[in-house]
file work-v4.cif (mmCIF, C-alpha atoms)
data_work
loop_
_atom_site.group_PDB
_atom_site.id
_atom_site.type_symbol
_atom_site.label_atom_id
_atom_site.label_comp_id
_atom_site.auth_asym_id
_atom_site.auth_seq_id
_atom_site.Cartn_x
_atom_site.Cartn_y
_atom_site.Cartn_z
ATOM 1 C CA MET A 1071 -0.017 -5.956 -29.898
ATOM 2 C CA LEU A 1072 -1.693 -4.769 -26.718
ATOM 3 C CA GLN A 1073 -3.682 -7.211 -24.592
ATOM 4 C CA ILE A 1074 -6.469 -5.488 -22.663
ATOM 5 C CA MET A 1075 -7.766 -7.017 -19.448
ATOM 6 C CA HIS A 1076 -10.833 -5.537 -17.775
ATOM 7 C CA GLN A 1077 -10.667 -7.421 -14.477
ATOM 8 C CA ARG A 1078 -13.940 -7.986 -12.652
ATOM 9 C CA ASP A 1079 -12.470 -9.553 -9.506
ATOM 10 C CA HIS A 1080 -12.249 -7.065 -6.608
ATOM 11 C CA ASN A 1081 -9.789 -9.071 -4.467
ATOM 12 C CA PRO A 1082 -6.745 -6.790 -3.902
ATOM 13 C CA TYR A 1083 -4.342 -9.699 -3.313
ATOM 14 C CA PHE A 1084 -5.457 -11.325 -6.551
ATOM 15 C CA ASN A 1085 -5.189 -8.162 -8.627
ATOM 16 C CA ILE A 1086 -1.765 -7.144 -7.329
ATOM 17 C CA ALA A 1087 -0.474 -10.710 -7.818
ATOM 18 C CA THR A 1088 -1.897 -10.732 -11.353
ATOM 19 C CA GLU A 1089 0.299 -7.751 -12.190
ATOM 20 C CA GLU A 1090 3.394 -9.712 -11.159
ATOM 21 C CA LEU A 1091 2.337 -12.728 -13.202
ATOM 22 C CA LEU A 1092 1.861 -10.655 -16.356
ATOM 23 C CA LEU A 1093 5.096 -8.743 -15.783
ATOM 24 C CA LYS A 1094 7.398 -11.672 -15.068
ATOM 25 C CA HIS A 1095 5.815 -14.642 -16.805
ATOM 26 C CA LYS A 1096 4.345 -13.189 -20.007
ATOM 27 C CA THR A 1097 5.978 -11.409 -22.942
ATOM 28 C CA ASP A 1098 3.036 -9.472 -24.426
ATOM 29 C CA ASP A 1099 2.164 -5.870 -23.635
ATOM 30 C CA PHE A 1100 -0.850 -5.425 -21.361
ATOM 31 C CA PHE A 1101 -3.286 -2.770 -20.195
ATOM 32 C CA LEU A 1102 -5.324 -3.644 -17.097
ATOM 33 C CA VAL A 1103 -8.320 -1.934 -15.521
ATOM 34 C CA TYR A 1104 -9.626 -3.139 -12.169
ATOM 35 C CA ARG A 1105 -11.100 -2.068 -8.856
ATOM 36 C CA ASN A 1106 -10.432 -3.430 -5.374
ATOM 37 C CA ASN A 1107 -12.504 -3.864 -2.271
ATOM 38 C CA PRO A 1108 -11.395 -1.502 0.543
ATOM 39 C CA SER A 1109 -7.674 -2.096 1.072
ATOM 40 C CA LEU A 1110 -4.390 -0.328 1.734
ATOM 41 C CA ILE A 1111 -1.665 -0.853 -0.856
ATOM 42 C CA ILE A 1112 1.800 0.025 0.417
ATOM 43 C CA GLY A 1113 4.960 0.608 -1.608
ATOM 44 C CA LYS A 1114 7.663 -2.047 -1.751
ATOM 45 C CA HIS A 1115 10.186 -0.036 0.269
ATOM 46 C CA GLN A 1116 7.874 1.330 2.949
ATOM 47 C CA ASN A 1117 7.584 0.652 6.659
ATOM 48 C CA ALA A 1118 4.086 -0.786 6.849
ATOM 49 C CA ASN A 1119 3.607 0.101 10.511
ATOM 50 C CA ALA A 1120 4.447 3.750 9.869
ATOM 51 C CA GLU A 1121 1.944 4.087 7.037
ATOM 52 C CA ILE A 1122 -1.325 2.626 8.274
ATOM 53 C CA ASN A 1123 -3.834 3.419 10.995
ATOM 54 C CA HIS A 1124 -3.901 0.016 12.699
ATOM 55 C CA GLN A 1125 -6.987 0.669 14.783
ATOM 56 C CA PHE A 1126 -9.039 1.793 11.773
ATOM 57 C CA VAL A 1127 -7.744 -1.046 9.591
ATOM 58 C CA GLU A 1128 -8.429 -3.733 12.197
ATOM 59 C CA ARG A 1129 -11.834 -2.341 13.141
ATOM 60 C CA ASN A 1130 -12.977 -2.310 9.514
ATOM 61 C CA GLY A 1131 -11.279 -5.514 8.363
ATOM 62 C CA ILE A 1132 -9.230 -3.702 5.708
ATOM 63 C CA PRO A 1133 -6.435 -5.855 4.235
ATOM 64 C CA VAL A 1134 -2.933 -4.457 3.766
ATOM 65 C CA VAL A 1135 -1.100 -5.450 0.574
ATOM 66 C CA ARG A 1136 2.531 -4.717 -0.295
ATOM 67 C CA ARG A 1137 3.083 -4.222 -4.025
ATOM 68 C CA LEU A 1138 6.188 -4.655 -6.190
ATOM 69 C CA SER A 1139 6.596 -0.988 -7.084
ATOM 70 C CA GLY A 1140 7.983 1.794 -4.929
ATOM 71 C CA GLY A 1141 6.211 4.992 -3.983
ATOM 72 C CA GLY A 1142 3.705 5.682 -1.247
ATOM 73 C CA THR A 1143 0.667 4.099 0.324
ATOM 74 C CA VAL A 1144 -2.691 4.359 -1.444
ATOM 75 C CA TYR A 1145 -6.215 3.526 -0.313
ATOM 76 C CA HIS A 1146 -8.395 1.486 -2.656
ATOM 77 C CA ASP A 1147 -12.134 0.941 -2.608
ATOM 78 C CA LEU A 1148 -14.785 0.296 -5.229
ATOM 79 C CA GLY A 1149 -14.883 4.014 -6.010
ATOM 80 C CA ASN A 1150 -11.228 3.942 -7.084
ATOM 81 C CA ILE A 1151 -10.163 2.744 -10.548
ATOM 82 C CA ASN A 1152 -6.747 1.144 -10.973
ATOM 83 C CA PHE A 1153 -5.016 1.082 -14.333
ATOM 84 C CA CYS A 1154 -1.816 -0.732 -15.211
ATOM 85 C CA PHE A 1155 0.490 -0.805 -18.227
ATOM 86 C CA ILE A 1156 2.947 -3.695 -18.550
ATOM 87 C CA MET A 1157 5.208 -3.079 -21.528
ATOM 88 C CA THR A 1158 8.438 -4.360 -23.056
ATOM 89 C CA GLY A 1159 11.015 -1.750 -24.021
ATOM 90 C CA ALA A 1160 14.636 -0.800 -24.429
ATOM 91 C CA GLU A 1161 16.998 -0.531 -21.480
ATOM 92 C CA GLY A 1162 17.240 3.037 -20.211
ATOM 93 C CA ARG A 1163 13.904 3.993 -21.765
ATOM 94 C CA LEU A 1164 11.510 2.031 -19.591
ATOM 95 C CA VAL A 1165 10.728 4.580 -16.871
ATOM 96 C CA ASP A 1166 8.344 7.086 -18.450
ATOM 97 C CA PHE A 1167 5.592 8.497 -16.241
ATOM 98 C CA LYS A 1168 4.551 11.010 -18.886
ATOM 99 C CA ARG A 1169 3.916 8.316 -21.499
ATOM 100 C CA TYR A 1170 1.700 6.190 -19.265
ATOM 101 C CA THR A 1171 -0.311 8.999 -17.696
ATOM 102 C CA GLU A 1172 -0.987 10.832 -20.969
ATOM 103 C CA PRO A 1173 -3.884 8.561 -21.994
ATOM 104 C CA LEU A 1174 -5.696 9.210 -18.716
ATOM 105 C CA ILE A 1175 -5.056 12.934 -18.902
ATOM 106 C CA ASP A 1176 -6.354 12.952 -22.484
ATOM 107 C CA ILE A 1177 -9.500 11.080 -21.439
ATOM 108 C CA LEU A 1178 -10.112 13.606 -18.654
ATOM 109 C CA HIS A 1179 -9.570 16.500 -21.067
ATOM 110 C CA GLY A 1180 -12.299 14.953 -23.214
ATOM 111 C CA PHE A 1181 -14.689 15.466 -20.311
ATOM 112 C CA GLY A 1182 -13.555 19.062 -19.881
ATOM 113 C CA VAL A 1183 -11.430 18.271 -16.814
ATOM 114 C CA ASP A 1184 -8.231 20.367 -16.718
ATOM 115 C CA ALA A 1185 -5.962 17.556 -15.534
ATOM 116 C CA TYR A 1186 -2.167 17.659 -15.662
ATOM 117 C CA LEU A 1187 0.878 15.638 -14.578
ATOM 118 C CA GLY A 1188 2.201 16.924 -11.248
ATOM 119 C CA ASP A 1189 5.765 17.149 -9.973
ATOM 120 C CA LYS A 1190 5.456 13.878 -8.046
ATOM 121 C CA SER A 1191 4.226 11.852 -11.033
ATOM 122 C CA ASP A 1192 0.631 12.253 -9.903
ATOM 123 C CA ILE A 1193 -2.319 13.525 -11.908
ATOM 124 C CA ARG A 1194 -3.854 16.668 -10.513
ATOM 125 C CA VAL A 1195 -6.758 19.027 -11.103
ATOM 126 C CA GLY A 1196 -5.861 22.423 -9.712
ATOM 127 C CA ASP A 1197 -4.389 21.801 -6.269
ATOM 128 C CA TYR A 1198 -6.090 18.421 -5.866
ATOM 129 C CA LYS A 1199 -4.521 15.026 -6.439
ATOM 130 C CA ILE A 1200 -6.782 12.592 -8.286
ATOM 131 C CA SER A 1201 -4.244 9.917 -9.264
ATOM 132 C CA GLY A 1202 -1.038 8.465 -7.817
ATOM 133 C CA ASN A 1203 1.412 6.504 -9.993
ATOM 134 C CA ALA A 1204 4.345 4.146 -9.483
ATOM 135 C CA GLU A 1205 6.609 1.982 -11.642
ATOM 136 C CA HIS A 1206 8.680 -1.188 -11.318
ATOM 137 C CA ILE A 1207 11.308 -2.503 -13.737
ATOM 138 C CA PHE A 1208 11.856 -6.219 -14.356
ATOM 139 C CA ARG A 1209 14.570 -6.975 -16.912
ATOM 140 C CA ASN A 1210 13.351 -5.322 -20.144
ATOM 141 C CA ARG A 1211 9.788 -4.809 -18.946
ATOM 142 C CA VAL A 1212 8.106 -2.039 -17.025
ATOM 143 C CA LEU A 1213 5.039 -2.135 -14.811
ATOM 144 C CA HIS A 1214 3.341 1.244 -14.519
ATOM 145 C CA HIS A 1215 0.237 1.379 -12.380
ATOM 146 C CA GLY A 1216 -1.875 4.176 -11.048
ATOM 147 C CA THR A 1217 -5.050 5.025 -9.200
ATOM 148 C CA ILE A 1218 -7.959 7.167 -10.282
ATOM 149 C CA LEU A 1219 -10.026 8.522 -7.420
ATOM 150 C CA TYR A 1220 -13.415 8.507 -9.089
ATOM 151 C CA SER A 1221 -15.948 8.248 -6.252
ATOM 152 C CA THR A 1222 -13.784 7.025 -3.381
ATOM 153 C CA ASN A 1223 -14.877 7.395 0.236
ATOM 154 C CA LEU A 1224 -12.424 10.182 1.075
ATOM 155 C CA HIS A 1225 -13.231 10.065 4.792
ATOM 156 C CA ASP A 1226 -12.153 6.420 4.971
ATOM 157 C CA LEU A 1227 -9.109 7.186 2.821
ATOM 158 C CA ASN A 1228 -7.921 9.844 5.247
ATOM 159 C CA GLU A 1229 -8.684 7.721 8.308
ATOM 160 C CA ALA A 1230 -6.863 4.664 6.954
ATOM 161 C CA ILE A 1231 -3.589 6.554 6.472
ATOM 162 C CA HIS A 1232 -3.839 8.787 9.560
ATOM 163 C CA VAL A 1233 -0.705 7.917 11.572
ATOM 164 C CA ASP A 1234 1.826 9.644 13.813
ATOM 165 C CA ALA A 1235 4.814 9.118 11.531
ATOM 166 C CA ALA A 1236 7.029 11.290 13.761
ATOM 167 C CA LYS A 1237 7.486 8.476 16.283
ATOM 168 C CA PHE A 1238 9.182 6.279 13.640
ATOM 169 C CA THR A 1239 12.842 6.534 12.648
ATOM 170 C CA ASP A 1240 13.823 4.604 9.534
ATOM 171 C CA SER A 1241 15.170 4.809 5.984
ATOM 172 C CA ALA A 1242 11.862 3.724 4.441
ATOM 173 C CA VAL A 1243 10.130 5.581 1.624
ATOM 174 C CA LYS A 1244 7.581 8.002 3.073
ATOM 175 C CA SER A 1245 4.192 8.709 1.548
ATOM 176 C CA ASN A 1246 3.538 12.218 0.254
ATOM 177 C CA ARG A 1247 0.222 13.325 1.728
ATOM 178 C CA SER A 1248 -1.779 15.531 -0.599
ATOM 179 C CA GLN A 1249 -5.186 17.144 -0.697
ATOM 180 C CA VAL A 1250 -7.300 14.774 -2.794
ATOM 181 C CA ALA A 1251 -10.543 14.936 -4.754
ATOM 182 C CA ASN A 1252 -12.732 12.612 -6.799
ATOM 183 C CA VAL A 1253 -12.889 12.823 -10.583
ATOM 184 C CA SER A 1254 -16.684 12.591 -10.435
ATOM 185 C CA ASP A 1255 -16.708 16.015 -8.755
ATOM 186 C CA PHE A 1256 -15.309 17.556 -11.945
ATOM 187 C CA ILE A 1257 -17.375 15.700 -14.575
ATOM 188 C CA PRO A 1258 -20.812 17.158 -15.315
ATOM 189 C CA GLY A 1259 -23.762 14.793 -15.190
ATOM 190 C CA ASN A 1260 -23.931 11.466 -13.408
ATOM 191 C CA LEU A 1261 -21.454 9.304 -15.293
ATOM 192 C CA THR A 1262 -21.099 6.029 -13.400
ATOM 193 C CA ILE A 1263 -17.745 4.549 -12.546
ATOM 194 C CA GLU A 1264 -18.544 1.548 -14.761
ATOM 195 C CA SER A 1265 -19.141 3.919 -17.690
ATOM 196 C CA PHE A 1266 -15.844 5.681 -17.050
ATOM 197 C CA GLU A 1267 -14.050 2.307 -17.048
ATOM 198 C CA ARG A 1268 -15.592 1.513 -20.439
ATOM 199 C CA VAL A 1269 -14.430 4.885 -21.751
ATOM 200 C CA MET A 1270 -10.881 4.008 -20.669
ATOM 201 C CA VAL A 1271 -10.971 0.604 -22.370
ATOM 202 C CA ASP A 1272 -12.502 2.015 -25.577
ATOM 203 C CA TYR A 1273 -9.875 4.768 -25.671
ATOM 204 C CA MET A 1274 -7.049 2.228 -25.474
ATOM 205 C CA LYS A 1275 -8.609 0.124 -28.239
ATOM 206 C CA ARG A 1276 -8.786 3.178 -30.495
ATOM 207 C CA SER A 1277 -5.288 4.359 -29.626
ATOM 208 C CA PHE A 1278 -3.376 1.104 -30.064
ATOM 209 C CA PRO A 1279 -3.504 -0.992 -33.253
ATOM 210 C CA ASN A 1280 -4.048 -4.736 -32.887
ATOM 211 C CA THR A 1281 -5.582 -4.770 -29.417
ATOM 212 C CA TYR A 1282 -7.104 -7.939 -28.026
ATOM 213 C CA ASP A 1283 -9.169 -8.744 -24.973
ATOM 214 C CA PHE A 1284 -7.220 -10.886 -22.532
ATOM 215 C CA PHE A 1285 -8.536 -13.327 -19.932
ATOM 216 C CA LEU A 1286 -6.593 -15.373 -17.431
ATOM 217 C CA SER A 1287 -6.444 -19.098 -18.165
ATOM 218 C CA GLN A 1288 -7.040 -21.640 -15.434
ATOM 219 C CA ALA A 1289 -3.269 -22.162 -15.254
ATOM 220 C CA ASP A 1290 -2.822 -18.389 -14.857
ATOM 221 C CA VAL A 1291 -5.374 -18.295 -12.022
ATOM 222 C CA GLU A 1292 -3.559 -21.124 -10.244
ATOM 223 C CA ALA A 1293 -0.230 -19.283 -10.669
ATOM 224 C CA VAL A 1294 -1.744 -16.072 -9.258
ATOM 225 C CA ASN A 1295 -3.180 -17.953 -6.271
ATOM 226 C CA SER A 1296 0.251 -19.479 -5.674
ATOM 227 C CA LEU A 1297 1.777 -15.983 -5.581
ATOM 228 C CA ILE A 1298 -0.873 -14.941 -3.058
ATOM 229 C CA ARG A 1299 -0.107 -17.922 -0.810
ATOM 230 C CA THR A 1300 3.669 -17.617 -0.975
ATOM 231 C CA ARG A 1301 4.073 -13.838 -1.039
ATOM 232 C CA TYR A 1302 1.220 -11.374 -1.069
ATOM 233 C CA SER A 1303 -0.841 -12.678 1.863
ATOM 234 C CA THR A 1304 2.158 -13.501 4.069
ATOM 235 C CA TRP A 1305 3.119 -11.502 7.152
ATOM 236 C CA ASP A 1306 6.796 -11.710 6.169
ATOM 237 C CA TRP A 1307 6.095 -9.843 2.908
ATOM 238 C CA ILE A 1308 3.511 -7.357 4.191
ATOM 239 C CA TYR A 1309 5.246 -6.411 7.452
ATOM 240 C CA GLY A 1310 8.526 -8.308 7.656
ATOM 241 C CA TYR A 1311 9.832 -6.757 4.437
ATOM 242 C CA SER A 1312 9.847 -3.324 6.089
ATOM 243 C CA PRO A 1313 13.307 -1.766 6.547
ATOM 244 C CA THR A 1314 14.869 -1.699 10.030
ATOM 245 C CA TYR A 1315 13.208 0.983 12.129
ATOM 246 C CA GLU A 1316 12.835 2.367 15.626
ATOM 247 C CA VAL A 1317 9.556 3.439 17.168
ATOM 248 C CA ARG A 1318 9.592 5.869 20.092
ATOM 249 C CA ASN A 1319 6.753 6.610 22.451
ATOM 250 C CA SER A 1320 6.144 7.286 26.121
ATOM 251 C CA ALA A 1321 4.297 4.933 28.408
ATOM 252 C CA ILE A 1322 2.114 6.947 30.762
ATOM 253 C CA ILE A 1323 1.280 4.897 33.846
ATOM 254 C CA GLY A 1324 -0.370 6.807 36.635
ATOM 255 C CA GLU A 1325 1.712 9.931 37.146
ATOM 256 C CA CYS A 1326 4.886 8.372 35.722
ATOM 257 C CA VAL A 1327 6.177 8.789 32.169
ATOM 258 C CA PHE A 1328 8.483 6.124 30.702
ATOM 259 C CA PRO A 1329 10.179 7.037 27.372
ATOM 260 C CA ILE A 1330 10.524 3.790 25.411
ATOM 261 C CA THR A 1331 12.345 2.948 22.179
ATOM 262 C CA VAL A 1332 11.697 -0.318 20.349
ATOM 263 C CA LYS A 1333 14.052 -1.405 17.556
ATOM 264 C CA VAL A 1334 12.523 -3.623 14.880
ATOM 265 C CA VAL A 1335 14.455 -5.684 12.311
ATOM 266 C CA ARG A 1336 12.563 -7.407 9.477
ATOM 267 C CA GLY A 1337 9.360 -6.992 11.427
ATOM 268 C CA TYR A 1338 10.621 -8.568 14.668
ATOM 269 C CA ILE A 1339 11.518 -6.764 17.906
ATOM 270 C CA ASP A 1340 15.300 -6.629 18.276
ATOM 271 C CA ASP A 1341 15.757 -4.376 21.326
ATOM 272 C CA VAL A 1342 13.698 -2.509 23.935
ATOM 273 C CA LEU A 1343 15.075 0.497 25.810
ATOM 274 C CA VAL A 1344 13.257 2.200 28.695
ATOM 275 C CA GLU A 1345 15.039 5.430 29.540
ATOM 276 C CA GLY A 1346 15.908 5.972 33.195
ATOM 277 C CA GLU A 1347 14.764 2.546 34.318
ATOM 278 C CA THR A 1348 16.663 -0.211 36.084
ATOM 279 C CA PRO A 1349 18.715 -2.668 34.009
ATOM 280 C CA SER A 1350 16.734 -5.575 35.481
ATOM 281 C CA LEU A 1351 13.419 -4.186 34.214
ATOM 282 C CA VAL A 1352 14.851 -3.529 30.755
ATOM 283 C CA ALA A 1353 16.406 -7.007 30.696
ATOM 284 C CA ALA A 1354 13.079 -8.578 31.619
ATOM 285 C CA LEU A 1355 11.279 -6.757 28.837
ATOM 286 C CA ASN A 1356 13.932 -7.757 26.303
ATOM 287 C CA GLU A 1357 13.876 -11.364 27.432
ATOM 288 C CA ALA A 1358 10.142 -11.488 26.829
ATOM 289 C CA LEU A 1359 9.935 -9.422 23.632
ATOM 290 C CA VAL A 1360 13.098 -9.868 21.539
ATOM 291 C CA GLY A 1361 12.228 -12.100 18.593
ATOM 292 C CA VAL A 1362 8.503 -11.337 18.851
ATOM 293 C CA ARG A 1363 6.659 -9.911 15.851
ATOM 294 C CA HIS A 1364 6.095 -6.189 16.131
ATOM 295 C CA ASP A 1365 2.338 -6.326 16.049
ATOM 296 C CA ARG A 1366 -0.335 -5.809 18.635
ATOM 297 C CA SER A 1367 -1.506 -9.408 18.934
ATOM 298 C CA SER A 1368 2.003 -10.897 19.165
ATOM 299 C CA ILE A 1369 3.095 -8.488 21.920
ATOM 300 C CA ALA A 1370 -0.151 -9.135 23.784
ATOM 301 C CA ALA A 1371 0.399 -12.897 23.490
ATOM 302 C CA ALA A 1372 3.927 -12.516 24.851
ATOM 303 C CA PHE A 1373 2.510 -10.463 27.716
ATOM 304 C CA ASP A 1374 -0.029 -13.174 28.519
ATOM 305 C CA GLU A 1375 2.591 -15.915 28.301
ATOM 306 C CA LYS A 1376 5.212 -14.288 30.485
ATOM 307 C CA GLN A 1377 3.859 -12.229 33.343
ATOM 308 C CA ILE A 1378 6.717 -10.372 34.996
ATOM 309 C CA GLY A 1379 6.332 -10.380 38.775
ATOM 310 C CA ASP A 1380 6.780 -6.647 39.267
ATOM 311 C CA LEU A 1381 3.478 -4.764 38.861
ATOM 312 C CA GLN A 1382 5.117 -1.761 37.211
ATOM 313 C CA SER A 1383 6.862 -3.996 34.686
ATOM 314 C CA ASN A 1384 3.585 -5.701 33.848
ATOM 315 C CA ARG A 1385 1.942 -2.356 33.285
ATOM 316 C CA LEU A 1386 4.768 -1.330 30.956
ATOM 317 C CA PHE A 1387 4.399 -4.615 29.114
ATOM 318 C CA LYS A 1388 0.676 -4.084 28.611
ATOM 319 C CA TYR A 1389 1.244 -0.502 27.482
ATOM 320 C CA LEU A 1390 3.690 -1.715 24.846
ATOM 321 C CA ALA A 1391 1.065 -4.106 23.482
ATOM 322 C CA GLU A 1392 -1.585 -1.404 23.295
ATOM 323 C CA HIS A 1393 0.408 1.605 22.087
ATOM 324 C CA PHE A 1394 3.529 0.536 20.193
ATOM 325 C CA CYS A 1395 2.009 -0.728 16.974
#
call {"tool": "encode", "arguments": {"input": "work-v4.cif", "output": "structure tokens"}}
result
Amino acid sequence: MLQIMHQRDHNPYFNIATEELLLKHKTDDFFLVYRNNPSLIIGKHQNANAEINHQFVERNGIPVVRRLSGGGTVYHDLGNINFCFIMTGAEGRLVDFKRYTEPLIDILHGFGVDAYLGDKSDIRVGDYKISGNAEHIFRNRVLHHGTILYSTNLHDLNEAIHVDAAKFTDSAVKSNRSQVANVSDFIPGNLTIESFERVMVDYMKRSFPNTYDFFLSQADVEAVNSLIRTRYSTWDWIYGYSPTYEVRNSAIIGECVFPITVKVVRGYIDDVLVEGETPSLVAALNEALVGVRHDRSSIAAAFDEKQIGDLQSNRLFKYLAEHFC
């Protein structure tokens, strides 16, 4: 029996938390279709700071959400369709990207789109990526979810993930950047995204015997909101869960260049090194910054709270706040 949920809520925290609820607290098989408001969804094992364009995200009020599955960072908006299979299976046979992408590829073939499964478990048309996919195993259940770029704002997608990853050193999973395209570019006519969603749902109802529409109960909604409060909206999960990393940059103050390395453990600054500078300056920076969250506002607050007497040190401090996140 397959329960089909066509989610109308566009809250990314709610939709990602719903996947966890259905995976861990239900026993039925599910197929979900939903769309999110503009948001960045990062993989479980990624360094959040190395994957997102902070200035673009903050300027546009785009939330960042860490999901349960691995893989890379994806941009969601209302032009992107998300699909999710949550299935029970036998140990050793749960991970199966081909099985869970085949329905979408078949649907696209029905529209004359020559889609295929790529080497990185993505769906492609020619050289263009139109769908990214990831999976997560919980006991004898698998969560497979993927994106379908249908009419996404590709400019915003590229801006949101435009970062200088070279300045980060870590063991985190890196995103694979690909040339992307929208499905709507390959489908003749003016098929709306809502119509394509209905095609997906109808296809699943025809393909699986004994399908039923599923709706969250009030108790389910409360459980999802609890997951949002305790995990998905928390800084410790979104940023603090990142693996240990170092970020290197150079502070340029006047005609002087100061190479700086900041070590970050579980999202908090653990050490600051300024190459070629006096031990007293480095000690002052560490005294002020060790234990501070590695984010722009927290470093700025530490700068405001503890002004170091030396003008050069203060300038370094301010540069760290503005350029090291």
call {"tool": "resolve_selection", "arguments": {"input": "work-v4.cif", "expression": "the PyMOL selection byres ((chain A and resi 1120) around 10)", "output": "PyMOL selection string"}}
result
chain A and resi 1116-1119+1121-1124+1231-1240+1242+1244-1245+1312+1315+1317+1395
call {"tool": "closest_residue", "arguments": {"input": "work-v4.cif", "among": "A:Val1127, A:Leu1297, A:Leu1148, A:Ile1339", "to": "A:Glu1316", "atoms": "only C-alpha atoms"}}
result
A:Ile1339
call {"tool": "resolve_selection", "arguments": {"input": "work-v4.cif", "expression": "the PyMOL selection byres ((chain A and resi 1278-1293) around 10)", "output": "ChimeraX atom specification"}}
result
/A:1071-1077,1084,1087-1088,1091-1092,1095,1099-1102,1271,1273-1277,1294-1299
call {"tool": "closest_residue", "arguments": {"input": "work-v4.cif", "among": "A:Val1134, A:Ile1086, A:Ile1330, A:Val1360", "to": "A:Ala1230", "atoms": "all atoms listed in the file"}}
result
A:Val1134
call {"tool": "atom_distance", "arguments": {"input": "work-v4.cif", "atom1": "atom CA of A:Thr1304", "atom2": "atom CA of A:Gly1361"}}
result
17.7 Å
call {"tool": "atom_distance", "arguments": {"input": "work-v4.cif", "atom1": "atom CA of A:Gln1125", "atom2": "atom CA of A:Ser1368"}}
result
15.3 Å
call {"tool": "atom_distance", "arguments": {"input": "work-v4.cif", "atom1": "atom CA of A:Ser1254", "atom2": "atom CA of A:Ile1111"}}
result
22.3 Å
call {"tool": "build_atoms", "arguments": {"input": "work-v4.cif", "residues": "stretch 1291-1308 of chain A", "atoms": "N, CA and C atoms", "output": "PDB file, in the frame of the given file"}}
result
ATOM      1  N   VAL A1291      -4.694 -18.497 -13.309  1.00  0.00           N
ATOM      2  CA  VAL A1291      -5.374 -18.295 -12.022  1.00  0.00           C
ATOM      3  C   VAL A1291      -4.659 -19.079 -10.921  1.00  0.00           C
ATOM      4  N   GLU A1292      -4.274 -20.312 -11.229  1.00  0.00           N
ATOM      5  CA  GLU A1292      -3.559 -21.124 -10.244  1.00  0.00           C
ATOM      6  C   GLU A1292      -2.215 -20.496  -9.895  1.00  0.00           C
ATOM      7  N   ALA A1293      -1.524 -19.932 -10.913  1.00  0.00           N
ATOM      8  CA  ALA A1293      -0.230 -19.283 -10.669  1.00  0.00           C
ATOM      9  C   ALA A1293      -0.407 -18.037  -9.813  1.00  0.00           C
ATOM     10  N   VAL A1294      -1.470 -17.265 -10.066  1.00  0.00           N
ATOM     11  CA  VAL A1294      -1.744 -16.072  -9.258  1.00  0.00           C
ATOM     12  C   VAL A1294      -2.037 -16.472  -7.817  1.00  0.00           C
ATOM     13  N   ASN A1295      -2.858 -17.499  -7.630  1.00  0.00           N
ATOM     14  CA  ASN A1295      -3.180 -17.953  -6.271  1.00  0.00           C
ATOM     15  C   ASN A1295      -1.940 -18.459  -5.540  1.00  0.00           C
ATOM     16  N   SER A1296      -1.006 -19.042  -6.281  1.00  0.00           N
ATOM     17  CA  SER A1296       0.251 -19.479  -5.674  1.00  0.00           C
ATOM     18  C   SER A1296       1.064 -18.279  -5.193  1.00  0.00           C
ATOM     19  N   LEU A1297       1.082 -17.206  -5.993  1.00  0.00           N
ATOM     20  CA  LEU A1297       1.777 -15.983  -5.581  1.00  0.00           C
ATOM     21  C   LEU A1297       1.138 -15.383  -4.334  1.00  0.00           C
ATOM     22  N   ILE A1298      -0.175 -15.462  -4.242  1.00  0.00           N
ATOM     23  CA  ILE A1298      -0.873 -14.941  -3.058  1.00  0.00           C
ATOM     24  C   ILE A1298      -0.464 -15.738  -1.824  1.00  0.00           C
ATOM     25  N   ARG A1299      -0.442 -17.068  -1.955  1.00  0.00           N
ATOM     26  CA  ARG A1299      -0.107 -17.922  -0.810  1.00  0.00           C
ATOM     27  C   ARG A1299       1.334 -17.731  -0.355  1.00  0.00           C
ATOM     28  N   THR A1300       2.244 -17.630  -1.316  1.00  0.00           N
ATOM     29  CA  THR A1300       3.669 -17.617  -0.975  1.00  0.00           C
ATOM     30  C   THR A1300       4.236 -16.232  -0.742  1.00  0.00           C
ATOM     31  N   ARG A1301       3.539 -15.186  -1.207  1.00  0.00           N
ATOM     32  CA  ARG A1301       4.073 -13.838  -1.039  1.00  0.00           C
ATOM     33  C   ARG A1301       3.037 -12.853  -0.516  1.00  0.00           C
ATOM     34  N   TYR A1302       2.034 -12.568  -1.299  1.00  0.00           N
ATOM     35  CA  TYR A1302       1.220 -11.374  -1.069  1.00  0.00           C
ATOM     36  C   TYR A1302       0.357 -11.420   0.185  1.00  0.00           C
ATOM     37  N   SER A1303      -0.028 -12.598   0.643  1.00  0.00           N
ATOM     38  CA  SER A1303      -0.841 -12.678   1.863  1.00  0.00           C
ATOM     39  C   SER A1303      -0.012 -12.993   3.096  1.00  0.00           C
ATOM     40  N   THR A1304       1.315 -13.090   2.948  1.00  0.00           N
ATOM     41  CA  THR A1304       2.158 -13.501   4.069  1.00  0.00           C
ATOM     42  C   THR A1304       2.575 -12.315   4.923  1.00  0.00           C
ATOM     43  N   TRP A1305       2.673 -12.541   6.221  1.00  0.00           N
ATOM     44  CA  TRP A1305       3.119 -11.502   7.152  1.00  0.00           C
ATOM     45  C   TRP A1305       4.553 -11.078   6.833  1.00  0.00           C
ATOM     46  N   ASP A1306       5.393 -12.030   6.449  1.00  0.00           N
ATOM     47  CA  ASP A1306       6.796 -11.710   6.169  1.00  0.00           C
ATOM     48  C   ASP A1306       6.943 -10.728   5.014  1.00  0.00           C
ATOM     49  N   TRP A1307       6.033 -10.784   4.027  1.00  0.00           N
ATOM     50  CA  TRP A1307       6.095  -9.843   2.908  1.00  0.00           C
ATOM     51  C   TRP A1307       5.423  -8.522   3.277  1.00  0.00           C
ATOM     52  N   ILE A1308       4.263  -8.586   3.909  1.00  0.00           N
ATOM     53  CA  ILE A1308       3.511  -7.357   4.191  1.00  0.00           C
ATOM     54  C   ILE A1308       4.207  -6.511   5.250  1.00  0.00           C
TER      55      ILE A1308
END
